[in-house]
$ cat input_27.cif   # mmCIF, C-alpha atoms
data_entry
loop_
_atom_site.group_PDB
_atom_site.id
_atom_site.type_symbol
_atom_site.label_atom_id
_atom_site.label_comp_id
_atom_site.auth_asym_id
_atom_site.auth_seq_id
_atom_site.Cartn_x
_atom_site.Cartn_y
_atom_site.Cartn_z
ATOM 1 C CA MET A 1 26.354 -74.113 -36.884
ATOM 2 C CA TRP A 2 24.806 -77.129 -38.603
ATOM 3 C CA LYS A 3 21.158 -78.171 -38.539
ATOM 4 C CA GLY A 4 19.615 -81.342 -39.885
ATOM 5 C CA VAL A 5 18.548 -84.810 -38.802
ATOM 6 C CA ARG A 6 20.555 -87.350 -36.882
ATOM 7 C CA LEU A 7 22.026 -89.894 -39.245
ATOM 8 C CA ALA A 8 21.032 -92.613 -36.764
ATOM 9 C CA ASP A 9 17.376 -91.536 -36.861
ATOM 10 C CA LEU A 10 17.366 -91.565 -40.662
ATOM 11 C CA LEU A 11 18.931 -95.028 -40.816
ATOM 12 C CA GLN A 12 16.470 -96.427 -38.295
ATOM 13 C CA ALA A 13 13.497 -94.883 -40.108
ATOM 14 C CA ALA A 14 14.720 -96.420 -43.385
ATOM 15 C CA GLY A 15 15.062 -99.866 -41.801
ATOM 16 C CA ALA A 16 18.828 -100.095 -42.267
ATOM 17 C CA ASP A 17 20.428 -103.245 -40.870
ATOM 18 C CA PRO A 18 22.010 -102.248 -37.524
ATOM 19 C CA ALA A 19 24.432 -105.175 -37.893
ATOM 20 C CA ALA A 20 25.919 -103.733 -41.097
ATOM 21 C CA ASP A 21 29.600 -102.822 -41.006
ATOM 22 C CA TRP A 22 29.503 -99.527 -42.891
ATOM 23 C CA VAL A 23 27.321 -96.641 -43.906
ATOM 24 C CA VAL A 24 28.343 -95.526 -47.397
ATOM 25 C CA PHE A 25 27.628 -92.090 -48.879
ATOM 26 C CA THR A 26 27.431 -91.481 -52.629
ATOM 27 C CA CYS A 27 27.567 -87.908 -53.917
ATOM 28 C CA ALA A 28 26.291 -86.118 -57.010
ATOM 29 C CA ASP A 29 29.833 -85.751 -58.373
ATOM 30 C CA GLY A 30 30.603 -89.470 -57.977
ATOM 31 C CA TYR A 31 32.549 -89.056 -54.734
ATOM 32 C CA THR A 32 32.135 -91.796 -52.121
ATOM 33 C CA ALA A 33 32.962 -92.021 -48.430
ATOM 34 C CA ALA A 34 32.065 -94.437 -45.660
ATOM 35 C CA VAL A 35 31.973 -94.515 -41.869
ATOM 36 C CA PRO A 36 31.543 -97.501 -39.535
ATOM 37 C CA MET A 37 27.957 -98.181 -38.450
ATOM 38 C CA VAL A 38 28.933 -97.382 -34.868
ATOM 39 C CA LYS A 39 30.038 -93.890 -35.955
ATOM 40 C CA ALA A 40 26.886 -93.403 -38.017
ATOM 41 C CA MET A 41 24.823 -94.186 -34.913
ATOM 42 C CA ASP A 42 26.656 -91.539 -32.870
ATOM 43 C CA PRO A 43 24.061 -88.886 -31.891
ATOM 44 C CA ALA A 44 26.464 -86.168 -33.091
ATOM 45 C CA SER A 45 26.538 -87.526 -36.670
ATOM 46 C CA LEU A 46 24.171 -85.502 -38.867
ATOM 47 C CA VAL A 47 22.647 -85.244 -42.284
ATOM 48 C CA ALA A 48 22.847 -81.451 -42.422
ATOM 49 C CA VAL A 49 20.538 -79.278 -44.527
ATOM 50 C CA GLN A 50 21.268 -75.872 -42.978
ATOM 51 C CA MET A 51 24.383 -73.941 -41.970
ATOM 52 C CA ASN A 52 24.415 -70.877 -39.712
ATOM 53 C CA GLY A 53 20.646 -70.526 -39.898
ATOM 54 C CA GLY A 54 20.346 -70.659 -43.674
ATOM 55 C CA GLU A 55 19.972 -73.230 -46.417
ATOM 56 C CA LEU A 56 23.183 -74.961 -47.432
ATOM 57 C CA THR A 57 24.988 -73.291 -50.299
ATOM 58 C CA THR A 58 26.139 -75.348 -53.249
ATOM 59 C CA ALA A 59 29.751 -75.032 -52.088
ATOM 60 C CA HIS A 60 28.830 -76.450 -48.693
ATOM 61 C CA GLY A 61 26.899 -79.436 -50.019
ATOM 62 C CA TYR A 62 23.340 -78.450 -50.982
ATOM 63 C CA PRO A 63 20.875 -80.087 -50.661
ATOM 64 C CA ALA A 64 22.352 -82.302 -47.919
ATOM 65 C CA ARG A 65 25.749 -83.186 -46.522
ATOM 66 C CA ILE A 66 27.199 -85.412 -43.811
ATOM 67 C CA ILE A 67 28.727 -84.174 -40.564
ATOM 68 C CA VAL A 68 30.722 -86.775 -38.600
ATOM 69 C CA PRO A 69 32.548 -85.004 -35.741
ATOM 70 C CA GLY A 70 35.977 -86.362 -34.901
ATOM 71 C CA LEU A 71 36.818 -87.572 -38.413
ATOM 72 C CA TYR A 72 38.770 -85.744 -41.099
ATOM 73 C CA GLY A 73 36.933 -83.705 -43.722
ATOM 74 C CA MET A 74 37.160 -86.380 -46.438
ATOM 75 C CA PHE A 75 34.459 -88.314 -44.556
ATOM 76 C CA HIS A 76 32.067 -85.315 -44.411
ATOM 77 C CA ALA A 77 30.490 -86.050 -47.781
ATOM 78 C CA LYS A 78 28.631 -83.307 -49.695
ATOM 79 C CA TRP A 79 25.828 -83.316 -52.295
ATOM 80 C CA ILE A 80 24.449 -86.619 -50.981
ATOM 81 C CA THR A 81 22.431 -88.701 -53.446
ATOM 82 C CA LYS A 82 22.470 -92.089 -51.699
ATOM 83 C CA ILE A 83 23.081 -93.527 -48.223
ATOM 84 C CA GLU A 84 23.563 -97.296 -47.868
ATOM 85 C CA ALA A 85 24.216 -99.726 -45.019
ATOM 86 C CA VAL A 86 26.804 -102.242 -46.253
ATOM 87 C CA THR A 87 28.391 -105.405 -44.868
ATOM 88 C CA GLY A 88 31.946 -106.244 -45.893
ATOM 89 C CA ALA A 89 35.008 -104.237 -46.868
ATOM 90 C CA VAL A 90 34.468 -100.709 -48.187
ATOM 91 C CA LEU A 91 36.955 -98.220 -49.613
ATOM 92 C CA GLY A 92 35.823 -94.679 -50.347
ATOM 93 C CA TYR A 93 37.314 -92.386 -52.983
ATOM 94 C CA TRP A 94 40.381 -91.343 -50.996
ATOM 95 C CA GLN A 95 40.870 -94.742 -49.371
ATOM 96 C CA GLN A 96 41.284 -96.228 -52.848
ATOM 97 C CA LYS A 97 44.224 -93.830 -53.182
ATOM 98 C CA GLY A 98 45.867 -94.967 -49.941
ATOM 99 C CA TRP A 99 44.485 -92.558 -47.343
ATOM 100 C CA THR A 100 43.489 -93.883 -43.933
ATOM 101 C CA ASN A 101 39.989 -95.261 -43.482
ATOM 102 C CA SER A 102 37.460 -94.098 -40.903
ATOM 103 C CA ASP A 103 37.523 -97.394 -38.981
ATOM 104 C CA ASP A 104 41.253 -96.925 -38.348
ATOM 105 C CA GLY A 105 42.262 -95.014 -35.228
ATOM 106 C CA ASN A 106 44.381 -92.870 -37.539
ATOM 107 C CA GLY A 107 41.226 -91.684 -39.301
ATOM 108 C CA ARG A 108 40.392 -89.599 -36.254
ATOM 109 C CA ILE A 109 41.479 -85.980 -36.205
ATOM 110 C CA HIS A 110 44.814 -85.642 -34.423
ATOM 111 C CA THR A 111 45.109 -83.361 -31.418
ATOM 112 C CA VAL A 112 46.913 -80.187 -32.447
ATOM 113 C CA ALA A 113 47.926 -76.757 -31.170
ATOM 114 C CA ILE A 114 48.742 -74.051 -33.706
ATOM 115 C CA ILE A 115 50.796 -70.920 -33.000
ATOM 116 C CA ALA A 116 48.995 -68.084 -34.780
ATOM 117 C CA THR A 117 50.795 -65.052 -33.369
ATOM 118 C CA PRO A 118 53.443 -63.762 -33.656
ATOM 119 C CA PRO A 119 54.358 -65.031 -37.134
ATOM 120 C CA ASP A 120 57.476 -67.132 -37.632
ATOM 121 C CA ASN A 121 60.758 -65.164 -37.637
ATOM 122 C CA THR A 122 59.175 -62.071 -36.101
ATOM 123 C CA VAL A 123 61.598 -59.575 -34.540
ATOM 124 C CA VAL A 124 60.344 -58.506 -31.095
ATOM 125 C CA GLN A 125 61.461 -56.353 -28.193
ATOM 126 C CA GLY A 126 60.404 -56.469 -24.562
ATOM 127 C CA ALA A 127 57.475 -58.532 -23.299
ATOM 128 C CA VAL A 128 56.106 -61.138 -25.706
ATOM 129 C CA THR A 129 52.713 -62.843 -25.708
ATOM 130 C CA ILE A 130 52.061 -65.747 -28.036
ATOM 131 C CA GLY A 131 48.718 -67.264 -28.917
ATOM 132 C CA GLY A 132 46.871 -69.590 -31.211
ATOM 133 C CA VAL A 133 44.198 -72.241 -31.498
ATOM 134 C CA ALA A 134 43.909 -75.894 -30.474
ATOM 135 C CA PHE A 135 41.614 -78.677 -31.653
ATOM 136 C CA ALA A 136 41.079 -82.364 -30.872
ATOM 137 C CA GLY A 137 38.110 -83.375 -33.005
ATOM 138 C CA ASP A 138 35.361 -84.660 -30.716
ATOM 139 C CA ARG A 139 37.642 -85.158 -27.694
ATOM 140 C CA ARG A 140 37.812 -81.461 -26.637
ATOM 141 C CA ILE A 141 40.937 -79.638 -25.436
ATOM 142 C CA SER A 142 41.886 -79.868 -21.771
ATOM 143 C CA ALA A 143 45.186 -77.955 -21.910
ATOM 144 C CA VAL A 144 47.775 -76.276 -24.117
ATOM 145 C CA GLU A 145 51.449 -76.078 -23.173
ATOM 146 C CA VAL A 146 54.342 -74.058 -24.586
ATOM 147 C CA ARG A 147 58.093 -74.388 -24.271
ATOM 148 C CA MET A 148 61.040 -72.283 -25.363
ATOM 149 C CA ASP A 149 64.327 -73.716 -26.605
ATOM 150 C CA GLY A 150 63.435 -77.242 -25.494
ATOM 151 C CA GLY A 151 62.891 -76.231 -21.863
ATOM 152 C CA ALA A 152 60.070 -77.113 -19.505
ATOM 153 C CA TRP A 153 56.495 -77.025 -20.753
ATOM 154 C CA ARG A 154 54.460 -74.091 -19.437
ATOM 155 C CA PRO A 155 50.641 -74.050 -19.279
ATOM 156 C CA ALA A 156 48.882 -71.557 -21.535
ATOM 157 C CA ALA A 157 45.597 -69.865 -20.685
ATOM 158 C CA LEU A 158 42.548 -71.205 -22.537
ATOM 159 C CA SER A 159 39.586 -69.098 -23.601
ATOM 160 C CA LEU A 160 36.765 -70.644 -21.596
ATOM 161 C CA PRO A 161 34.193 -71.902 -21.986
ATOM 162 C CA PRO A 162 34.467 -73.308 -25.528
ATOM 163 C CA LEU A 163 31.256 -73.430 -27.546
ATOM 164 C CA SER A 164 31.199 -77.228 -27.204
ATOM 165 C CA ASN A 165 33.470 -80.262 -26.948
ATOM 166 C CA LEU A 166 33.529 -80.279 -30.759
ATOM 167 C CA THR A 167 35.031 -76.818 -31.251
ATOM 168 C CA TRP A 168 38.552 -75.425 -31.263
ATOM 169 C CA VAL A 169 39.716 -73.155 -28.444
ATOM 170 C CA LEU A 170 41.894 -70.051 -28.294
ATOM 171 C CA TRP A 171 44.968 -69.954 -26.064
ATOM 172 C CA THR A 172 47.591 -67.395 -25.002
ATOM 173 C CA LEU A 173 50.778 -67.312 -22.943
ATOM 174 C CA SER A 174 53.059 -64.490 -21.843
ATOM 175 C CA LEU A 175 56.729 -65.344 -22.334
ATOM 176 C CA GLY A 176 57.893 -62.331 -20.391
ATOM 177 C CA SER A 177 60.935 -60.616 -21.911
ATOM 178 C CA PRO A 178 63.176 -63.293 -23.449
ATOM 179 C CA ALA A 179 66.916 -62.721 -23.751
ATOM 180 C CA SER A 180 68.233 -61.286 -26.995
ATOM 181 C CA GLY A 181 68.790 -63.790 -29.757
ATOM 182 C CA SER A 182 66.933 -66.512 -31.624
ATOM 183 C CA HIS A 183 64.487 -68.725 -29.712
ATOM 184 C CA LYS A 184 62.496 -71.778 -30.804
ATOM 185 C CA ILE A 185 58.920 -71.739 -29.482
ATOM 186 C CA GLU A 186 56.856 -74.951 -29.547
ATOM 187 C CA ALA A 187 53.247 -75.646 -28.578
ATOM 188 C CA ARG A 188 51.346 -78.829 -27.853
ATOM 189 C CA ALA A 189 47.749 -79.595 -26.892
ATOM 190 C CA ILE A 190 46.304 -82.206 -24.553
ATOM 191 C CA ASP A 191 42.883 -83.658 -25.307
ATOM 192 C CA GLY A 192 40.013 -84.354 -22.939
ATOM 193 C CA THR A 193 41.219 -87.906 -22.292
ATOM 194 C CA GLY A 194 44.557 -86.584 -21.020
ATOM 195 C CA MET A 195 46.501 -87.647 -24.107
ATOM 196 C CA PRO A 196 49.064 -85.103 -25.405
ATOM 197 C CA GLN A 197 49.451 -84.583 -29.118
ATOM 198 C CA ALA A 198 52.039 -86.629 -30.949
ATOM 199 C CA ALA A 199 55.532 -85.151 -30.927
ATOM 200 C CA THR A 200 56.852 -86.962 -33.998
ATOM 201 C CA PRO A 201 56.360 -84.958 -37.221
ATOM 202 C CA ALA A 202 54.297 -86.631 -39.938
ATOM 203 C CA PRO A 203 53.037 -85.422 -43.331
ATOM 204 C CA PRO A 204 49.320 -85.253 -44.127
ATOM 205 C CA PHE A 205 49.453 -88.496 -46.165
ATOM 206 C CA PRO A 206 48.167 -91.023 -45.236
ATOM 207 C CA ASN A 207 46.963 -90.456 -41.655
ATOM 208 C CA GLY A 208 46.894 -86.679 -41.182
ATOM 209 C CA ALA A 209 49.671 -84.266 -40.228
ATOM 210 C CA ALA A 210 51.244 -84.578 -36.781
ATOM 211 C CA GLY A 211 54.007 -83.052 -34.660
ATOM 212 C CA TYR A 212 54.494 -79.867 -32.663
ATOM 213 C CA ASP A 213 53.914 -76.515 -34.304
ATOM 214 C CA SER A 214 56.868 -74.187 -33.803
ATOM 215 C CA ILE A 215 58.125 -70.718 -34.658
ATOM 216 C CA THR A 216 61.438 -68.915 -34.399
ATOM 217 C CA LEU A 217 61.307 -65.752 -32.317
ATOM 218 C CA LEU A 218 64.013 -63.137 -32.938
ATOM 219 C CA VAL A 219 64.496 -60.954 -29.868
ATOM 220 C CA ALA A 220 66.305 -57.682 -30.515
#

$ encode --input "input_27.cif" --output "structure tokens"
Amino acid sequence: MWKGVRLADLLQAAGADPAADWVVFTCADGYTAAVPMVKAMDPASLVAVQMNGGELTTAHGYPARIIVPGLYGMFHAKWITKIEAVTGAVLGYWQQKGWTNSDDGNGRIHTVAIIATPPDNTVVQGAVTIGGVAFAGDRRISAVEVRMDGGAWRPAALSLPPLSNLTWVLWTLSLGSPASGSHKIEARAIDGTGMPQAATPAPPFPNGAAGYDSITLLVA
């Protein structure tokens, strides 16, 4: 759990130009990242100084770090030394290397469901229950569905209520007792807007990994 001040409050107190395009963060190690002014003004965006009730550790960004829910971790800058409101084009450290920027829809965390149990290529007998986690950044999870061997999607049970719309959720589904042989199990999540996760596989670069998580289940 993070504690700090709203980034919007800090910017307003400092007299930052609300018409600026970007808020740019510079870090003690030379790292830079930027978010659009509209994201910086989101009440959920924080300059955090505590984590889980204690002072930030060095590894987690002491003395202050940025929390911008819904964006990938490269925008959550640590060891902040300077915050600027900037007009015009801005490329942070990773954007200079070709990664997506935070003003691009692809800079948002993709909706994803992960199968955590059983592990891939597990040999099972009898009734099988699968489970995992799902996350959609700041859009919350409304449902998780599972299918076997390309069949119909079946709704999984979610652990409710989640801690907040910003947290991942646990899910489970009983598959009953599948027939002997090898079975492909896939999972997908649906976010709070009703949009299912992307089916097409994609690597992490440049917009974040996408596609259904899957395992092979070996039924004895």

$ resolve_selection --input "input_27.cif" --expression "the PyMOL selection byres ((chain A and resi 11-16) around 10)" --output "list in words"
Arg6, Leu7, Ala8, Asp9, Leu10, Asp17, Pro18, Ala19, Ala20, Val23, Met37, Ala40, Met41, Ile83, Glu84, Ala85 and Val86 of chain A

$ closest_residue --input "input_27.cif" --among "A:Leu91, A:Ala198, A:Ala179, A:Ala220" --to "Val24 (chain A)" --atoms "only C-alpha atoms"
A:Leu91

$ closest_atom_pairs --input "input_27.cif" --of "region 102-170 of chain A" --to "region 62-75 of chain A" --cutoff "10 Å" --atoms "all atoms listed in the file" --output "Markdown table"
| residue | atom | partner | partner_atom | distance |
| --- | --- | --- | --- | --- |
| A:Ser102 | CA | A:Leu71 | CA | 7.0 |
| A:Asp103 | CA | A:Leu71 | CA | 9.9 |
| A:Gly105 | CA | A:Leu71 | CA | 9.8 |
| A:Asn106 | CA | A:Leu71 | CA | 9.3 |
| A:Gly107 | CA | A:Leu71 | CA | 6.1 |
| A:Arg108 | CA | A:Leu71 | CA | 4.6 |
| A:Ile109 | CA | A:Leu71 | CA | 5.4 |
| A:His110 | CA | A:Gly70 | CA | 8.9 |
| A:Ala136 | CA | A:Gly70 | CA | 7.6 |
| A:Gly137 | CA | A:Gly70 | CA | 4.1 |
| A:Asp138 | CA | A:Gly70 | CA | 4.6 |
| A:Arg139 | CA | A:Gly70 | CA | 7.5 |
| A:Arg140 | CA | A:Gly70 | CA | 9.8 |
| A:Leu166 | CA | A:Pro69 | CA | 6.9 |
| A:Thr167 | CA | A:Pro69 | CA | 9.7 |

$ resolve_selection --input "input_27.cif" --expression "the PyMOL selection byres ((chain A and resi 29-32) around 8)" --output "list in words"
Val24, Phe25, Thr26, Cys27, Ala28, Ala33, Ala34, Ala77, Trp79, Gly92 and Tyr93 of chain A

$ residues_around --input "input_27.cif" --residues "region 192-197 of chain A" --least-positions-apart "2" --cutoff "7 Å" --atoms "only C-alpha atoms" --output "VMD selection string"
chain A and resid 111 to 112 139 to 142 188 to 190 199

$ write_last_selection --input "input_27.cif" --atoms "C-alpha atoms" --output "PDB file, keeping the file's coordinate frame"
ATOM      1  CA  THR A 111      45.109 -83.361 -31.418  1.00  0.00           C
ATOM      2  CA  VAL A 112      46.913 -80.187 -32.447  1.00  0.00           C
ATOM      3  CA  ARG A 139      37.642 -85.158 -27.694  1.00  0.00           C
ATOM      4  CA  ARG A 140      37.812 -81.461 -26.637  1.00  0.00           C
ATOM      5  CA  ILE A 141      40.937 -79.638 -25.436  1.00  0.00           C
ATOM      6  CA  SER A 142      41.886 -79.868 -21.771  1.00  0.00           C
ATOM      7  CA  ARG A 188      51.346 -78.829 -27.853  1.00  0.00           C
ATOM      8  CA  ALA A 189      47.749 -79.595 -26.892  1.00  0.00           C
ATOM      9  CA  ILE A 190      46.304 -82.206 -24.553  1.00  0.00           C
ATOM     10  CA  ALA A 199      55.532 -85.151 -30.927  1.00  0.00           C
TER      11      ALA A 199
END

$ closest_residue --input "input_27.cif" --among "A:Ala116, A:Ala59, A:Val219, A:Ile185" --to "Arg147 (chain A)" --atoms "all atoms listed in the file"
A:Ile185

$ atom_distance --input "input_27.cif" --atom1 "CA of Arg154 (chain A)" --atom2 "CA of Thr216 (chain A)"
17.3 Å

$ resolve_selection --input "input_27.cif" --expression "the PyMOL selection byres ((chain A and resi 127) around 10)" --output "list in words"
Val124, Gln125, Gly126, Val128, Thr129, Ser174, Leu175, Gly176, Ser177, Pro178 and Val219 of chain A

$ atom_distance --input "input_27.cif" --atom1 "CA of Pro43 (chain A)" --atom2 "CA of Ala143 (chain A)"
25.8 Å

$ closest_residue --input "input_27.cif" --among "A:Gly208, A:Gly151, A:Thr117, A:Lys184" --to "Trp171 (chain A)" --atoms "all atoms listed in the file"
A:Thr117

$ atom_distance --input "input_27.cif" --atom1 "CA of Lys82 (chain A)" --atom2 "CA of Lys97 (chain A)"
21.9 Å

$ closest_residue --input "input_27.cif" --among "A:Glu55, A:Glu145, A:Asp120, A:Asp191" --to "Met1 (chain A)" --atoms "all atoms listed in the file"
A:Glu55

$ closest_residue --input "input_27.cif" --among "A:Pro201, A:Ala209, A:Ser214, A:Gly88" --to "Val146 (chain A)" --atoms "only C-alpha atoms"
A:Ser214

$ residues_around --input "input_27.cif" --residues "Gly54 (chain A)" --least-positions-apart "2" --cutoff "12 Å" --atoms "only C-alpha atoms" --output "PyMOL selection string"
chain A and resi 1-4+48-52+56-57+60+62-63

$ build_atoms --input "input_27.cif" --residues "region 133-167 of chain A" --atoms "N, CA and C atoms" --output "PDB file, in the frame of the given file"
ATOM      1  N   VAL A 133      45.401 -71.426 -31.639  1.00  0.00           N
ATOM      2  CA  VAL A 133      44.198 -72.241 -31.498  1.00  0.00           C
ATOM      3  C   VAL A 133      44.610 -73.684 -31.249  1.00  0.00           C
ATOM      4  N   ALA A 134      43.677 -74.469 -30.697  1.00  0.00           N
ATOM      5  CA  ALA A 134      43.909 -75.894 -30.474  1.00  0.00           C
ATOM      6  C   ALA A 134      42.620 -76.646 -30.765  1.00  0.00           C
ATOM      7  N   PHE A 135      42.773 -77.886 -31.240  1.00  0.00           N
ATOM      8  CA  PHE A 135      41.614 -78.677 -31.653  1.00  0.00           C
ATOM      9  C   PHE A 135      41.923 -80.150 -31.459  1.00  0.00           C
ATOM     10  N   ALA A 136      40.901 -80.926 -31.061  1.00  0.00           N
ATOM     11  CA  ALA A 136      41.079 -82.364 -30.872  1.00  0.00           C
ATOM     12  C   ALA A 136      39.870 -83.141 -31.381  1.00  0.00           C
ATOM     13  N   GLY A 137      39.263 -82.664 -32.457  1.00  0.00           N
ATOM     14  CA  GLY A 137      38.110 -83.375 -33.005  1.00  0.00           C
ATOM     15  C   GLY A 137      36.947 -83.367 -32.041  1.00  0.00           C
ATOM     16  N   ASP A 138      36.477 -84.559 -31.657  1.00  0.00           N
ATOM     17  CA  ASP A 138      35.361 -84.660 -30.716  1.00  0.00           C
ATOM     18  C   ASP A 138      35.818 -84.973 -29.299  1.00  0.00           C
ATOM     19  N   ARG A 139      37.112 -84.796 -29.020  1.00  0.00           N
ATOM     20  CA  ARG A 139      37.642 -85.158 -27.694  1.00  0.00           C
ATOM     21  C   ARG A 139      37.870 -83.935 -26.809  1.00  0.00           C
ATOM     22  N   ARG A 140      37.626 -82.755 -27.291  1.00  0.00           N
ATOM     23  CA  ARG A 140      37.812 -81.461 -26.637  1.00  0.00           C
ATOM     24  C   ARG A 140      39.276 -81.241 -26.249  1.00  0.00           C
ATOM     25  N   ILE A 141      39.595 -80.012 -25.890  1.00  0.00           N
ATOM     26  CA  ILE A 141      40.937 -79.638 -25.436  1.00  0.00           C
ATOM     27  C   ILE A 141      40.907 -79.414 -23.929  1.00  0.00           C
ATOM     28  N   SER A 142      41.807 -80.076 -23.222  1.00  0.00           N
ATOM     29  CA  SER A 142      41.886 -79.868 -21.771  1.00  0.00           C
ATOM     30  C   SER A 142      43.020 -78.928 -21.395  1.00  0.00           C
ATOM     31  N   ALA A 143      44.056 -78.830 -22.236  1.00  0.00           N
ATOM     32  CA  ALA A 143      45.186 -77.955 -21.910  1.00  0.00           C
ATOM     33  C   ALA A 143      46.031 -77.707 -23.154  1.00  0.00           C
ATOM     34  N   VAL A 144      46.743 -76.586 -23.121  1.00  0.00           N
ATOM     35  CA  VAL A 144      47.775 -76.276 -24.117  1.00  0.00           C
ATOM     36  C   VAL A 144      49.028 -75.884 -23.356  1.00  0.00           C
ATOM     37  N   GLU A 145      50.173 -76.377 -23.817  1.00  0.00           N
ATOM     38  CA  GLU A 145      51.449 -76.078 -23.173  1.00  0.00           C
ATOM     39  C   GLU A 145      52.439 -75.542 -24.201  1.00  0.00           C
ATOM     40  N   VAL A 146      53.353 -74.708 -23.717  1.00  0.00           N
ATOM     41  CA  VAL A 146      54.342 -74.058 -24.586  1.00  0.00           C
ATOM     42  C   VAL A 146      55.723 -74.208 -23.956  1.00  0.00           C
ATOM     43  N   ARG A 147      56.726 -74.395 -24.786  1.00  0.00           N
ATOM     44  CA  ARG A 147      58.093 -74.388 -24.271  1.00  0.00           C
ATOM     45  C   ARG A 147      58.983 -73.575 -25.197  1.00  0.00           C
ATOM     46  N   MET A 148      60.073 -73.086 -24.614  1.00  0.00           N
ATOM     47  CA  MET A 148      61.040 -72.283 -25.363  1.00  0.00           C
ATOM     48  C   MET A 148      62.394 -72.965 -25.318  1.00  0.00           C
ATOM     49  N   ASP A 149      62.980 -73.143 -26.484  1.00  0.00           N
ATOM     50  CA  ASP A 149      64.327 -73.716 -26.605  1.00  0.00           C
ATOM     51  C   ASP A 149      64.447 -75.077 -25.935  1.00  0.00           C
ATOM     52  N   GLY A 150      63.391 -75.890 -26.035  1.00  0.00           N
ATOM     53  CA  GLY A 150      63.435 -77.242 -25.494  1.00  0.00           C
ATOM     54  C   GLY A 150      63.350 -77.328 -23.987  1.00  0.00           C
ATOM     55  N   GLY A 151      62.986 -76.239 -23.320  1.00  0.00           N
ATOM     56  CA  GLY A 151      62.891 -76.231 -21.863  1.00  0.00           C
ATOM     57  C   GLY A 151      61.612 -76.871 -21.358  1.00  0.00           C
ATOM     58  N   ALA A 152      61.257 -76.537 -20.130  1.00  0.00           N
ATOM     59  CA  ALA A 152      60.070 -77.113 -19.505  1.00  0.00           C
ATOM     60  C   ALA A 152      58.800 -76.585 -20.172  1.00  0.00           C
ATOM     61  N   TRP A 153      57.789 -77.436 -20.217  1.00  0.00           N
ATOM     62  CA  TRP A 153      56.495 -77.025 -20.753  1.00  0.00           C
ATOM     63  C   TRP A 153      55.790 -76.117 -19.757  1.00  0.00           C
ATOM     64  N   ARG A 154      55.194 -75.045 -20.266  1.00  0.00           N
ATOM     65  CA  ARG A 154      54.460 -74.091 -19.437  1.00  0.00           C
ATOM     66  C   ARG A 154      52.999 -74.062 -19.869  1.00  0.00           C
ATOM     67  N   PRO A 155      52.060 -74.044 -18.907  1.00  0.00           N
ATOM     68  CA  PRO A 155      50.641 -74.050 -19.279  1.00  0.00           C
ATOM     69  C   PRO A 155      50.192 -72.711 -19.848  1.00  0.00           C
ATOM     70  N   ALA A 156      49.478 -72.755 -20.943  1.00  0.00           N
ATOM     71  CA  ALA A 156      48.882 -71.557 -21.535  1.00  0.00           C
ATOM     72  C   ALA A 156      47.484 -71.360 -20.966  1.00  0.00           C
ATOM     73  N   ALA A 157      46.964 -70.167 -21.120  1.00  0.00           N
ATOM     74  CA  ALA A 157      45.597 -69.865 -20.685  1.00  0.00           C
ATOM     75  C   ALA A 157      44.639 -70.154 -21.833  1.00  0.00           C
ATOM     76  N   LEU A 158      43.561 -70.897 -21.538  1.00  0.00           N
ATOM     77  CA  LEU A 158      42.548 -71.205 -22.537  1.00  0.00           C
ATOM     78  C   LEU A 158      41.402 -70.212 -22.449  1.00  0.00           C
ATOM     79  N   SER A 159      40.794 -69.915 -23.596  1.00  0.00           N
ATOM     80  CA  SER A 159      39.586 -69.098 -23.601  1.00  0.00           C
ATOM     81  C   SER A 159      38.425 -70.011 -23.232  1.00  0.00           C
ATOM     82  N   LEU A 160      37.837 -69.780 -22.085  1.00  0.00           N
ATOM     83  CA  LEU A 160      36.765 -70.644 -21.596  1.00  0.00           C
ATOM     84  C   LEU A 160      35.485 -69.853 -21.462  1.00  0.00           C
ATOM     85  N   PRO A 161      34.320 -70.506 -21.556  1.00  0.00           N
ATOM     86  CA  PRO A 161      34.193 -71.902 -21.986  1.00  0.00           C
ATOM     87  C   PRO A 161      34.168 -71.993 -23.507  1.00  0.00           C
ATOM     88  N   PRO A 162      34.615 -73.122 -24.081  1.00  0.00           N
ATOM     89  CA  PRO A 162      34.467 -73.308 -25.528  1.00  0.00           C
ATOM     90  C   PRO A 162      32.997 -73.468 -25.877  1.00  0.00           C
ATOM     91  N   LEU A 163      32.651 -73.295 -27.130  1.00  0.00           N
ATOM     92  CA  LEU A 163      31.256 -73.430 -27.546  1.00  0.00           C
ATOM     93  C   LEU A 163      30.726 -74.834 -27.296  1.00  0.00           C
ATOM     94  N   SER A 164      31.574 -75.843 -27.482  1.00  0.00           N
ATOM     95  CA  SER A 164      31.199 -77.228 -27.204  1.00  0.00           C
ATOM     96  C   SER A 164      32.466 -78.067 -27.207  1.00  0.00           C
ATOM     97  N   ASN A 165      32.323 -79.359 -26.900  1.00  0.00           N
ATOM     98  CA  ASN A 165      33.470 -80.262 -26.948  1.00  0.00           C
ATOM     99  C   ASN A 165      33.956 -80.497 -28.376  1.00  0.00           C
ATOM    100  N   LEU A 166      33.183 -80.046 -29.358  1.00  0.00           N
ATOM    101  CA  LEU A 166      33.529 -80.279 -30.759  1.00  0.00           C
ATOM    102  C   LEU A 166      34.250 -79.108 -31.401  1.00  0.00           C
ATOM    103  N   THR A 167      34.466 -78.030 -30.656  1.00  0.00           N
ATOM    104  CA  THR A 167      35.031 -76.818 -31.251  1.00  0.00           C
ATOM    105  C   THR A 167      36.481 -76.602 -30.831  1.00  0.00           C
TER     106      THR A 167
END
